[in-house]
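Student: Contents of upload-v1.cif (mmCIF, C-alpha atoms and all ligand atoms) are given next:
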data_target
#
loop_
_atom_site.label_atom_id
_atom_site.label_comp_id
_atom_site.auth_asym_id
_atom_site.auth_seq_id
_atom_site.Cartn_x
_atom_site.Cartn_y
_atom_site.Cartn_z
CA MET A 1 116.36 98.91 101.22
CA GLU A 2 116.16 102.59 100.50
CA THR A 3 112.67 104.04 100.93
CA ARG A 4 111.97 106.72 98.34
CA VAL A 5 109.66 109.52 99.39
CA LEU A 6 107.78 111.30 96.60
CA THR A 7 105.67 114.35 97.33
CA VAL A 8 102.32 114.30 95.60
CA ASP A 9 99.52 116.84 95.43
CA ALA A 10 96.55 115.51 97.42
CA VAL A 11 93.95 117.12 95.16
CA VAL A 12 95.45 116.78 91.69
CA PRO A 13 98.14 114.07 91.87
CA ASP A 14 100.92 114.52 89.33
CA SER A 15 100.68 111.76 86.72
CA ALA A 16 104.46 111.18 86.47
CA THR A 17 104.58 110.52 90.23
CA ILE A 18 101.62 108.16 90.08
CA HIS A 19 103.32 106.41 87.18
CA GLU A 20 106.46 105.82 89.27
CA ALA A 21 104.45 104.46 92.20
CA ALA A 22 102.47 102.22 89.84
CA SER A 23 105.71 100.78 88.44
CA VAL A 24 106.86 99.80 91.93
CA LEU A 25 103.53 98.02 92.54
CA LYS A 26 103.65 96.31 89.13
CA ARG A 27 107.12 94.97 89.93
CA GLY A 28 105.76 93.41 93.14
CA GLY A 29 107.01 96.14 95.51
CA LEU A 30 105.33 98.04 98.34
CA VAL A 31 104.07 101.62 98.18
CA ALA A 32 102.60 103.53 101.13
CA PHE A 33 99.99 106.02 99.98
CA PRO A 34 97.46 108.37 101.58
CA THR A 35 93.78 107.52 101.77
CA GLU A 36 90.97 109.60 103.25
CA THR A 37 91.28 107.52 106.47
CA VAL A 38 94.94 106.68 107.19
CA TYR A 39 98.01 105.84 105.06
CA GLY A 40 97.83 102.38 103.49
CA LEU A 41 100.71 100.03 102.71
CA GLY A 42 99.86 98.82 99.24
CA ALA A 43 100.79 95.78 97.17
CA ASN A 44 99.28 94.06 94.13
CA ALA A 45 96.40 92.08 95.66
CA LEU A 46 96.74 89.39 92.97
CA ASP A 47 100.44 88.74 93.73
CA PRO A 48 100.98 86.50 96.79
CA ALA A 49 104.72 87.24 96.94
CA ALA A 50 104.03 90.97 97.13
CA ILE A 51 101.47 90.43 99.89
CA GLU A 52 104.02 88.38 101.80
CA LEU A 53 106.22 91.51 101.86
CA ILE A 54 103.40 93.43 103.58
CA PHE A 55 103.20 90.85 106.38
CA GLN A 56 106.99 90.97 106.79
CA ALA A 57 107.25 94.76 106.81
CA LYS A 58 104.42 95.15 109.33
CA GLY A 59 105.30 92.16 111.51
CA ARG A 60 101.65 91.26 111.03
CA PRO A 61 100.35 87.85 112.13
CA ALA A 62 99.47 85.70 109.10
CA THR A 63 96.03 85.16 110.66
CA ASN A 64 95.02 88.80 110.10
CA PRO A 65 93.49 89.37 106.64
CA ILE A 66 94.08 92.55 104.61
CA ILE A 67 91.60 94.98 103.07
CA VAL A 68 91.59 95.07 99.27
CA HIS A 69 91.15 98.48 97.63
CA VAL A 70 89.40 99.04 94.32
CA ALA A 71 88.48 102.15 92.33
CA GLU A 72 84.74 101.50 92.20
CA SER A 73 81.90 98.95 92.55
CA ASP A 74 82.50 97.17 89.24
CA ALA A 75 86.06 96.34 90.32
CA ALA A 76 84.79 95.18 93.72
CA ARG A 77 82.35 92.79 92.07
CA GLU A 78 85.25 91.06 90.30
CA ILE A 79 86.83 89.93 93.56
CA VAL A 80 83.67 88.67 95.30
CA THR A 81 81.14 85.96 94.42
CA GLU A 82 78.09 87.78 95.76
CA TRP A 83 77.09 91.42 95.54
CA PRO A 84 73.95 91.70 97.65
CA GLU A 85 71.43 94.50 97.42
CA SER A 86 72.81 95.86 100.70
CA ALA A 87 76.28 96.23 99.12
CA ALA A 88 74.83 97.97 96.08
CA ARG A 89 72.89 100.44 98.20
CA LEU A 90 75.71 101.16 100.60
CA ALA A 91 78.21 101.58 97.77
CA ALA A 92 75.86 103.97 96.00
CA ARG A 93 75.65 106.03 99.19
CA PHE A 94 79.18 105.82 100.66
CA TRP A 95 81.64 104.86 97.90
CA PRO A 96 84.16 105.98 97.23
CA GLY A 97 84.67 106.42 100.95
CA PRO A 98 85.58 104.97 104.36
CA LEU A 99 83.31 101.91 104.43
CA THR A 100 84.65 98.36 103.94
CA PHE A 101 82.48 95.35 103.07
CA VAL A 102 83.25 91.75 103.99
CA LEU A 103 81.88 89.43 101.27
CA PRO A 104 82.53 85.89 99.96
CA LYS A 105 85.80 85.98 98.03
CA ALA A 106 86.31 85.12 94.36
CA ALA A 107 88.84 82.46 93.37
CA SER A 108 91.15 85.18 92.02
CA MET A 109 91.91 86.37 95.58
CA PRO A 110 95.06 84.70 96.94
CA ASP A 111 94.64 82.92 100.28
CA ILE A 112 97.34 85.06 101.85
CA VAL A 113 95.21 88.23 101.43
CA THR A 114 92.25 86.72 103.27
CA ALA A 115 94.39 84.81 105.80
CA GLY A 116 93.00 81.59 104.39
CA GLY A 117 89.39 82.66 104.94
CA GLU A 118 86.47 82.43 102.54
CA THR A 119 85.67 86.14 102.70
CA VAL A 120 87.45 89.25 101.49
CA ALA A 121 87.27 92.81 102.84
CA VAL A 122 86.94 95.39 100.08
CA ARG A 123 86.61 99.15 99.88
CA ALA A 124 86.86 101.97 97.33
CA PRO A 125 88.86 104.82 98.87
CA SER A 126 87.95 108.39 97.90
CA HIS A 127 91.37 110.01 98.29
CA PRO A 128 92.49 111.34 94.87
CA VAL A 129 95.96 109.78 95.25
CA ALA A 130 94.51 106.35 96.06
CA GLN A 131 92.04 106.67 93.19
CA ALA A 132 94.75 107.72 90.72
CA LEU A 133 96.98 104.84 91.76
CA LEU A 134 94.19 102.24 91.49
CA ARG A 135 93.18 103.46 88.05
CA LYS A 136 96.78 103.54 86.87
CA VAL A 137 97.68 99.97 87.93
CA GLY A 138 94.38 98.42 86.90
CA PHE A 139 94.54 95.71 89.58
CA PRO A 140 93.13 95.68 93.13
CA ILE A 141 95.56 96.93 95.78
CA ALA A 142 95.77 95.15 99.13
CA ALA A 143 96.58 97.72 101.79
CA PRO A 144 96.54 97.52 105.56
CA SER A 145 97.40 100.63 107.52
CA ALA A 146 101.07 101.54 106.93
CA ASN A 147 102.38 100.95 110.44
CA ARG A 148 104.03 98.12 112.36
CA SER A 149 101.38 95.72 113.64
CA THR A 150 99.60 96.89 116.86
CA SER A 151 101.06 100.41 116.77
CA VAL A 152 99.20 103.62 115.94
CA SER A 153 98.07 104.00 112.31
CA PRO A 154 99.82 106.74 110.30
CA THR A 155 98.02 109.90 109.25
CA GLU A 156 101.11 111.59 107.78
CA ALA A 157 104.04 110.36 105.68
CA SER A 158 106.46 111.03 108.55
CA HIS A 159 104.51 108.55 110.71
CA VAL A 160 104.94 105.91 107.99
CA LEU A 161 108.67 106.53 107.81
CA ARG A 162 109.06 106.35 111.56
CA SER A 163 107.89 102.75 111.61
CA LEU A 164 108.62 101.41 108.11
CA GLU A 165 111.58 103.33 106.67
CA GLY A 166 114.02 100.88 105.11
CA SER A 167 111.51 98.06 104.76
CA ILE A 168 109.32 99.47 101.97
CA GLY A 169 110.12 100.75 98.49
CA MET A 170 108.22 104.02 98.37
CA VAL A 171 106.05 106.48 100.27
CA LEU A 172 103.76 108.87 98.43
CA ASP A 173 103.61 111.91 100.67
CA GLY A 174 100.22 113.53 100.12
CA GLY A 175 100.12 115.39 103.43
CA LYS A 176 97.67 114.68 106.23
CA CYS A 177 94.81 112.19 105.92
CA PRO A 178 91.55 114.10 106.40
CA GLY A 179 89.61 111.33 108.18
CA GLY A 180 92.22 110.34 110.74
CA ILE A 181 90.93 106.88 111.75
CA GLU A 182 90.30 103.70 109.78
CA SER A 183 87.25 102.76 107.73
CA SER A 184 84.19 101.07 109.20
CA VAL A 185 84.26 97.31 108.46
CA LEU A 186 80.85 95.79 107.82
CA ASP A 187 80.33 92.04 107.40
CA LEU A 188 77.59 91.56 104.81
CA THR A 189 77.69 87.75 105.02
CA THR A 190 75.63 87.74 108.23
CA THR A 191 71.93 88.54 108.73
CA PRO A 192 71.65 91.21 109.87
CA PRO A 193 75.05 92.62 108.76
CA THR A 194 77.65 92.95 111.51
CA LEU A 195 79.80 96.02 112.14
CA LEU A 196 83.17 94.40 112.86
CA ARG A 197 85.03 97.67 113.28
CA PRO A 198 83.35 101.02 113.92
CA GLY A 199 84.86 103.79 111.82
CA LEU A 200 84.22 107.02 110.00
CA VAL A 201 80.87 105.92 108.61
CA THR A 202 78.70 105.61 111.71
CA SER A 203 76.36 102.72 112.49
CA ALA A 204 73.44 105.17 112.38
CA ALA A 205 74.39 106.30 108.87
CA ILE A 206 74.61 102.67 107.72
CA GLU A 207 71.25 101.81 109.30
CA ARG A 208 69.58 104.68 107.51
CA VAL A 209 70.45 102.93 104.22
CA ILE A 210 69.97 99.21 104.98
CA GLY A 211 68.10 98.99 108.29
CA PRO A 212 69.28 97.40 111.54
CA ILE A 213 72.81 96.03 111.88
CA ARG A 214 74.62 94.26 114.72
CA LEU A 215 77.60 95.72 116.54
CA ALA A 216 80.44 93.26 117.10
CA ILE A 217 81.87 95.08 120.06
CA ARG A 218 82.97 92.91 122.96
CA GLN A 219 80.19 94.11 125.19
CA ALA A 220 77.70 92.64 122.74
CA GLY A 221 79.13 89.21 123.55
CA VAL A 222 80.19 88.52 119.98
CA ASP A 223 83.43 86.58 119.48
CA PRO A 224 85.99 89.35 118.97
CA LEU A 225 88.15 87.11 116.80
CA ARG A 226 85.49 87.13 114.10
CA SER A 227 87.60 90.05 112.87
CA PRO A 228 91.21 89.67 113.90
CA GLY A 229 91.37 93.45 113.93
CA LEU A 230 89.26 93.22 117.04
CA LEU A 231 92.26 91.81 118.87
CA GLU A 232 92.38 93.75 122.07
CA ARG A 233 95.61 95.65 122.04
CA HIS A 234 95.84 97.67 118.89
CA TYR A 235 96.43 101.26 117.91
CA ALA A 236 98.78 101.51 120.88
CA PRO A 237 101.23 104.37 121.43
CA ASP A 238 104.64 103.73 123.05
CA ALA A 239 103.59 105.26 126.37
CA SER A 240 100.85 103.55 128.34
CA LEU A 241 97.53 105.28 128.01
CA GLU A 242 94.70 105.63 130.50
CA ILE A 243 91.21 107.05 130.14
CA ALA A 244 90.18 109.24 133.06
CA HIS A 245 86.82 109.23 134.77
CA GLY A 246 85.61 112.67 133.77
CA SER A 247 88.43 115.20 133.50
CA GLY A 248 91.98 113.88 133.69
CA LEU A 249 93.17 116.91 135.66
CA GLU A 250 93.64 115.16 139.00
CA ARG A 251 95.30 112.13 137.49
CA VAL A 252 97.64 114.32 135.44
CA HIS A 253 98.58 116.22 138.58
CA SER A 254 99.41 113.17 140.61
CA LEU A 255 101.43 111.49 137.84
CA ALA A 256 103.41 114.67 137.21
CA GLN A 257 104.00 115.17 140.90
CA ALA A 258 105.37 111.64 141.01
CA GLY A 259 107.97 112.81 138.47
CA LEU A 260 106.51 111.32 135.26
CA ARG A 261 106.26 113.17 131.97
CA VAL A 262 102.58 113.17 131.08
CA GLY A 263 100.71 113.76 127.83
CA TRP A 264 97.18 114.97 128.41
CA MET A 265 94.55 114.81 125.67
CA SER A 266 91.88 117.09 126.98
CA GLN A 267 88.61 118.39 125.62
CA ARG A 268 88.51 121.34 127.95
CA ALA A 269 90.86 124.30 127.97
CA HIS A 270 92.93 124.20 131.15
CA SER A 271 95.67 126.18 132.66
CA LEU A 272 97.99 124.15 134.80
CA GLU A 273 98.53 126.51 137.67
CA ASP A 274 101.09 124.47 139.51
CA ASP A 275 104.43 125.68 138.07
CA ALA A 276 106.23 122.67 139.46
CA ILE A 277 104.38 120.28 137.16
CA GLN A 278 103.91 122.51 134.11
CA ASP A 279 107.11 121.41 132.43
CA LYS A 280 106.20 117.76 133.05
CA VAL A 281 102.92 117.96 131.13
CA VAL A 282 102.24 118.21 127.41
CA VAL A 283 98.60 119.23 126.88
CA ILE A 284 96.91 118.52 123.55
CA PHE A 285 93.56 120.16 123.13
CA MET A 286 91.02 117.76 121.57
CA PRO A 287 87.79 118.79 119.79
CA ASN A 288 84.28 118.21 121.13
CA ASP A 289 82.94 116.90 117.84
CA PRO A 290 83.58 113.20 117.02
CA GLU A 291 84.63 113.77 113.42
CA ALA A 292 87.10 116.48 114.33
CA TYR A 293 88.33 114.33 117.22
CA ALA A 294 88.95 111.45 114.80
CA THR A 295 90.94 113.67 112.47
CA ARG A 296 93.27 114.62 115.31
CA LEU A 297 93.35 111.40 117.35
CA TYR A 298 96.31 109.53 115.84
CA SER A 299 98.33 112.67 115.13
CA ALA A 300 97.99 113.51 118.84
CA LEU A 301 99.20 110.02 119.82
CA HIS A 302 102.10 110.24 117.37
CA SER A 303 103.18 113.63 118.68
CA LEU A 304 103.06 112.41 122.29
CA ASP A 305 105.26 109.48 121.27
CA GLU A 306 107.66 111.95 119.64
CA ALA A 307 107.66 113.99 122.85
CA HIS A 308 108.66 110.81 124.74
CA VAL A 309 106.06 111.14 127.48
CA ASP A 310 105.88 108.33 130.05
CA ARG A 311 102.10 108.29 130.34
CA ILE A 312 99.11 109.51 128.35
CA VAL A 313 95.90 110.56 130.09
CA VAL A 314 92.72 111.10 128.06
CA ASP A 315 89.61 112.88 129.33
CA ALA A 316 86.56 110.58 129.44
CA LEU A 317 84.58 110.61 126.19
CA PRO A 318 80.84 111.09 125.65
CA SER A 319 78.86 107.83 125.71
CA ALA A 320 76.79 108.71 122.62
CA LEU A 321 76.85 106.23 119.72
CA ASP A 322 78.55 108.67 117.32
CA TRP A 323 81.65 108.45 119.56
CA LEU A 324 81.77 104.64 119.21
CA ALA A 325 84.73 104.52 116.80
CA ILE A 326 86.79 106.91 118.95
CA ARG A 327 86.01 105.05 122.18
CA ASP A 328 86.87 101.77 120.43
CA ARG A 329 90.32 103.03 119.35
CA LEU A 330 91.13 104.58 122.73
CA ASN A 331 89.93 101.55 124.69
CA ARG A 332 92.22 99.36 122.63
CA ALA A 333 95.12 101.77 123.00
CA ALA A 334 94.53 101.64 126.76
CA THR A 335 94.38 97.85 127.09
CA ALA A 336 97.50 96.50 128.76
CA VAL A 337 99.36 93.78 126.82
O1 LIG B 1 90.78 102.81 106.56
C1 LIG B 1 91.21 101.66 106.41
O2 LIG B 1 90.48 100.66 106.42
C2 LIG B 1 92.71 101.51 106.18
C3 LIG B 1 93.07 102.16 104.86
C4 LIG B 1 94.50 101.96 104.48
O3 LIG B 1 92.20 101.70 103.87
N1 LIG B 1 93.11 100.12 106.21
C5 LIG B 1 93.14 99.40 107.34
O4 LIG B 1 93.58 98.11 107.18
O5 LIG B 1 92.82 99.84 108.43
P1 LIG B 1 94.04 97.15 108.36
O6 LIG B 1 94.60 95.95 107.72
O7 LIG B 1 94.94 97.88 109.27
O8 LIG B 1 92.70 96.76 109.04
C6 LIG B 1 91.84 95.89 108.35
C7 LIG B 1 90.81 95.34 109.29
C8 LIG B 1 91.46 94.43 110.28
O9 LIG B 1 90.79 94.63 111.50
C9 LIG B 1 91.18 93.07 109.71
O10 LIG B 1 91.15 92.08 110.69
C10 LIG B 1 89.82 93.28 109.10
O11 LIG B 1 89.86 94.58 108.57
N2 LIG B 1 89.58 92.35 107.99
C11 LIG B 1 90.24 92.28 106.82
N3 LIG B 1 89.74 91.29 106.06
C12 LIG B 1 88.74 90.72 106.76
C13 LIG B 1 87.83 89.65 106.52
N4 LIG B 1 87.86 88.95 105.38
N5 LIG B 1 86.94 89.35 107.48
C14 LIG B 1 86.89 90.06 108.63
N6 LIG B 1 87.71 91.09 108.92
C15 LIG B 1 88.63 91.41 108.01
MG MG B 2 95.84 98.61 111.01
#
Let me see the file written as structure tokens.
Ligand code: TXA
Ligand code: MG
Tutor:
Amino acid sequence: METRVLTVDAVVPDSATIHEAASVLKRGGLVAFPTETVYGLGANALDPAAIELIFQAKGRPATNPIIVHVAESDAAREIVTEWPESAARLAARFWPGPLTFVLPKAASMPDIVTAGGETVAVRAPSHPVAQALLRKVGFPIAAPSANRSTSVSPTEASHVLRSLEGSIGMVLDGGKCPGGIESSVLDLTTTPPTLLRPGLVTSAAIERVIGPIRLAIRQAGVDPLRSPGLLERHYAPDASLEIAHGSGLERVHSLAQAGLRVGWMSQRAHSLEDDAIQDKVVVIFMPNDPEAYATRLYSALHSLDEAHVDRIVVDALPSALDWLAIRDRLNRAATAV
């Protein structure tokens, strides 16, 4: 299949382009589109055959449910059977935006979207292209990240093409995704609510609106399979990745001296003084602020893959709670298969 790439303005999407993308979705095809987090691979959420194409294109296990995207709260309420006060308050504060709710699903949701489960994950993305597309089609759009299963999520159209070219109908190229990592996934069917996946909306920000929540990170002893997205190896680059204790400088040195090509994601400015290893090391400078780090995280991993490094070394990250989502993604990327 030929994958058409249409450029679209990320602030004011051209209506003819949105119309073309909407026609592909209405015919049961797949369209990758930018959101404020990462690129999504969209299909009509009410069309099981279209959803099946998503699983095929991604090589995604049928046990892993897909997030359904809607334009706003009213549309979300049509695909769930309960809309608790907590959902209303969080939506008022964070929607449209990078926060996903897990709620009991309405009968209209095909089993394939929820992997046979009784709940559905739903969010209203804020990206103007995603909003325009949702409003144009008038149905909810199921969209996982637009990458092959377990690999790094795409934050640019070229990343989407690298893994899915030929297996999807269209990519809307709206440039870089501003957020850079996936939405936070919050299960509102438990008391207190459970953060299944940390993301761009921090646990502290959520707690300021609805009070205490539970973190479903492995350390908390919660069954990680409660959200299949908590499967260990995920977000993994081609090269194996390790997180250093403190600065990665020594580790980078010894790997390069052993003849390996090394990618180094470092939060400190370094000069590699040893000429012999300089041409073995690709250094990517990473920000000291968690939001800026998130924006750059996947694009750094994608560029190190493109540079064909053998190993990736990442400087240790701060242990503060606002780094939770970043640590989560890097720990998973580092977990050996
Ligand atoms: O930012 C995002 O959330 C992006 C953009 C495209 O919106 N989407 C995304 O989708 O990251 P995906 O499919 O790659 O990740 C969805 C996560 C997975 O970890 C999945 O297991 C979990 O949400 N999930 C989906 N439905 C669920 C449900 N009903 N119950 C629990 N977890 C669910
Ligand atoms: Mg994903």
Student: For ligand LIG 1 (chain B), collect every residue having any atom at a distance of at most 6 Å from a ligand atom (counting all atoms listed in the file); output as a list of chain:residue names.
Tutor: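 Written in the requested form, the residues are A:Thr37, A:Val38, A:Tyr39, A:Gly40, A:Asn64, A:Pro65, A:Ile66, A:Ile67, A:Val102, A:Thr114, A:Thr119, A:Val120, A:Ala121, A:Ala143, A:Pro144, A:Ser145, A:Glu182, A:Ser183, A:Ser227, A:Pro228, A:Gly229, A:Leu230.
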Student: Find the residues near segment 197-212 of chain A: any atom within 9 Å, counting only C-alpha atoms, skip ones fewer than 4 places away on the same chain, and give them as number ranges by chain.
Tutor: A: 37, 86, 89-90, 93-94, 97-99, 179-186, 192-193, 216-217, 227, 229-230, 291, 294, 321-326, 328
Student: If we count all atoms listed in the file, what is near Ala157 of chain A at a cut-off of 10 Å, once residues fewer than 6 positions away on the same chain are taken out, given as a list in words?
Tutor: Val5, Leu6, Thr7, Ala32, Phe33, Pro34, Val38, Tyr39, Ala146, Val171, Leu172, Asp173, Gly174, Gly175, Lys176 and Cys177 of chain A
Student: What's the separation between atom CA of Glu165 of chain A and atom CA of Val129 of chain A, in Å to one decimal place?
Tutor: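 The value is 20.4 Å.
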Student: Out of A:Leu41, A:Leu133, A:Ala57, A:Leu317, which residue has the shortest atom-to-atom distance to Met286 of chain A when counting only C-alpha atoms?
Tutor: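 The answer is A:Leu317, which sits nearest to Met286 of chain A.
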Student: Mind checking which residues fall within 12 Å of Asp111 of chain A, counting only C-alpha atoms, ignoring those fewer than 4 positions away in the same chain, and posting them as number ranges by chain?
Tutor: A: 45-49, 51-52, 62-66, 105-107, 115-120
Student: Taking into account all atoms listed in the file, which residue in the set A:Pro140, A:His159, A:Arg268, A:Ser108 is nearest to Asn44 of chain A?
Tutor: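 Of the candidates, the smallest distance to Asn44 of chain A is held by A:Pro140.
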Student: Counting all atoms listed in the file, figure out which residue out of A:Pro104, A:Gly28, A:Pro110, A:Pro287 gets nearest to Ile54 of chain A.
Tutor: A:Gly28
Student: For atom CA of Ser247 of chain A and atom CA of His234 of chain A, quote the distance in Å rounded to one decimal.
Tutor: 24.0 Å
Student: Return the single residue from A:Val152, A:Ala142, A:Ala334, A:Leu188 that is closest to ligand MG 2 (chain B), with distances computed using only C-alpha atoms and all ligand atoms.
Tutor: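 Using only C-alpha atoms and all ligand atoms, ligand MG 2 (chain B) sits closest to A:Val152.
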Student: Between A:Arg329, A:Arg261, A:His270, A:Arg214, which has the minimum distance to Val309 of chain A (counting all atoms listed in the file)?
Tutor: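 Of all the options, A:Arg261 lies closest to Val309 of chain A.
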Student: Should you be able to, write segment 186-197 of chain A of this structure into a file that contains N, CA, C and O atoms, as an mmCIF file, in the first residue's frame.
Tutor:
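The result, stored in decode.cif:
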data_model
loop_
_atom_site.group_PDB
_atom_site.id
_atom_site.type_symbol
_atom_site.label_atom_id
_atom_site.label_comp_id
_atom_site.auth_asym_id
_atom_site.auth_seq_id
_atom_site.Cartn_x
_atom_site.Cartn_y
_atom_site.Cartn_z
ATOM 1 N N LEU A 186 -5.193 7.468 33.663
ATOM 2 C CA LEU A 186 -5.724 7.418 35.020
ATOM 3 C C LEU A 186 -6.981 6.552 35.061
ATOM 4 O O LEU A 186 -7.962 6.839 34.369
ATOM 5 N N ASP A 187 -6.952 5.501 35.874
ATOM 6 C CA ASP A 187 -8.098 4.605 36.009
ATOM 7 C C ASP A 187 -9.047 5.183 37.048
ATOM 8 O O ASP A 187 -8.724 5.236 38.238
ATOM 9 N N LEU A 188 -10.227 5.616 36.587
ATOM 10 C CA LEU A 188 -11.202 6.217 37.494
ATOM 11 C C LEU A 188 -12.216 5.199 38.000
ATOM 12 O O LEU A 188 -13.190 5.563 38.654
ATOM 13 N N THR A 189 -11.990 3.904 37.699
ATOM 14 C CA THR A 189 -12.918 2.886 38.200
ATOM 15 C C THR A 189 -12.479 2.362 39.563
ATOM 16 O O THR A 189 -13.170 1.551 40.170
ATOM 17 N N THR A 190 -11.297 2.781 40.031
ATOM 18 C CA THR A 190 -10.846 2.325 41.349
ATOM 19 C C THR A 190 -10.983 3.467 42.360
ATOM 20 O O THR A 190 -11.067 4.632 41.988
ATOM 21 N N THR A 191 -11.002 3.119 43.639
ATOM 22 C CA THR A 191 -11.028 4.124 44.708
ATOM 23 C C THR A 191 -9.837 3.897 45.615
ATOM 24 O O THR A 191 -9.742 2.816 46.204
ATOM 25 N N PRO A 192 -8.897 4.807 45.723
ATOM 26 C CA PRO A 192 -8.824 6.027 44.929
ATOM 27 C C PRO A 192 -8.442 5.695 43.483
ATOM 28 O O PRO A 192 -8.053 4.567 43.199
ATOM 29 N N PRO A 193 -8.529 6.672 42.561
ATOM 30 C CA PRO A 193 -8.113 6.441 41.178
ATOM 31 C C PRO A 193 -6.643 5.993 41.096
ATOM 32 O O PRO A 193 -5.848 6.320 41.971
ATOM 33 N N THR A 194 -6.335 5.237 40.057
ATOM 34 C CA THR A 194 -4.979 4.692 39.911
ATOM 35 C C THR A 194 -4.305 5.257 38.663
ATOM 36 O O THR A 194 -4.857 5.181 37.564
ATOM 37 N N LEU A 195 -3.109 5.788 38.835
ATOM 38 C CA LEU A 195 -2.341 6.268 37.678
ATOM 39 C C LEU A 195 -1.647 5.065 37.043
ATOM 40 O O LEU A 195 -0.677 4.548 37.571
ATOM 41 N N LEU A 196 -2.200 4.604 35.903
ATOM 42 C CA LEU A 196 -1.664 3.406 35.258
ATOM 43 C C LEU A 196 -0.402 3.727 34.466
ATOM 44 O O LEU A 196 0.475 2.890 34.333
ATOM 45 N N ARG A 197 -0.366 4.920 33.903
ATOM 46 C CA ARG A 197 0.830 5.335 33.151
ATOM 47 C C ARG A 197 1.109 6.795 33.473
ATOM 48 O O ARG A 197 0.267 7.652 33.188
#
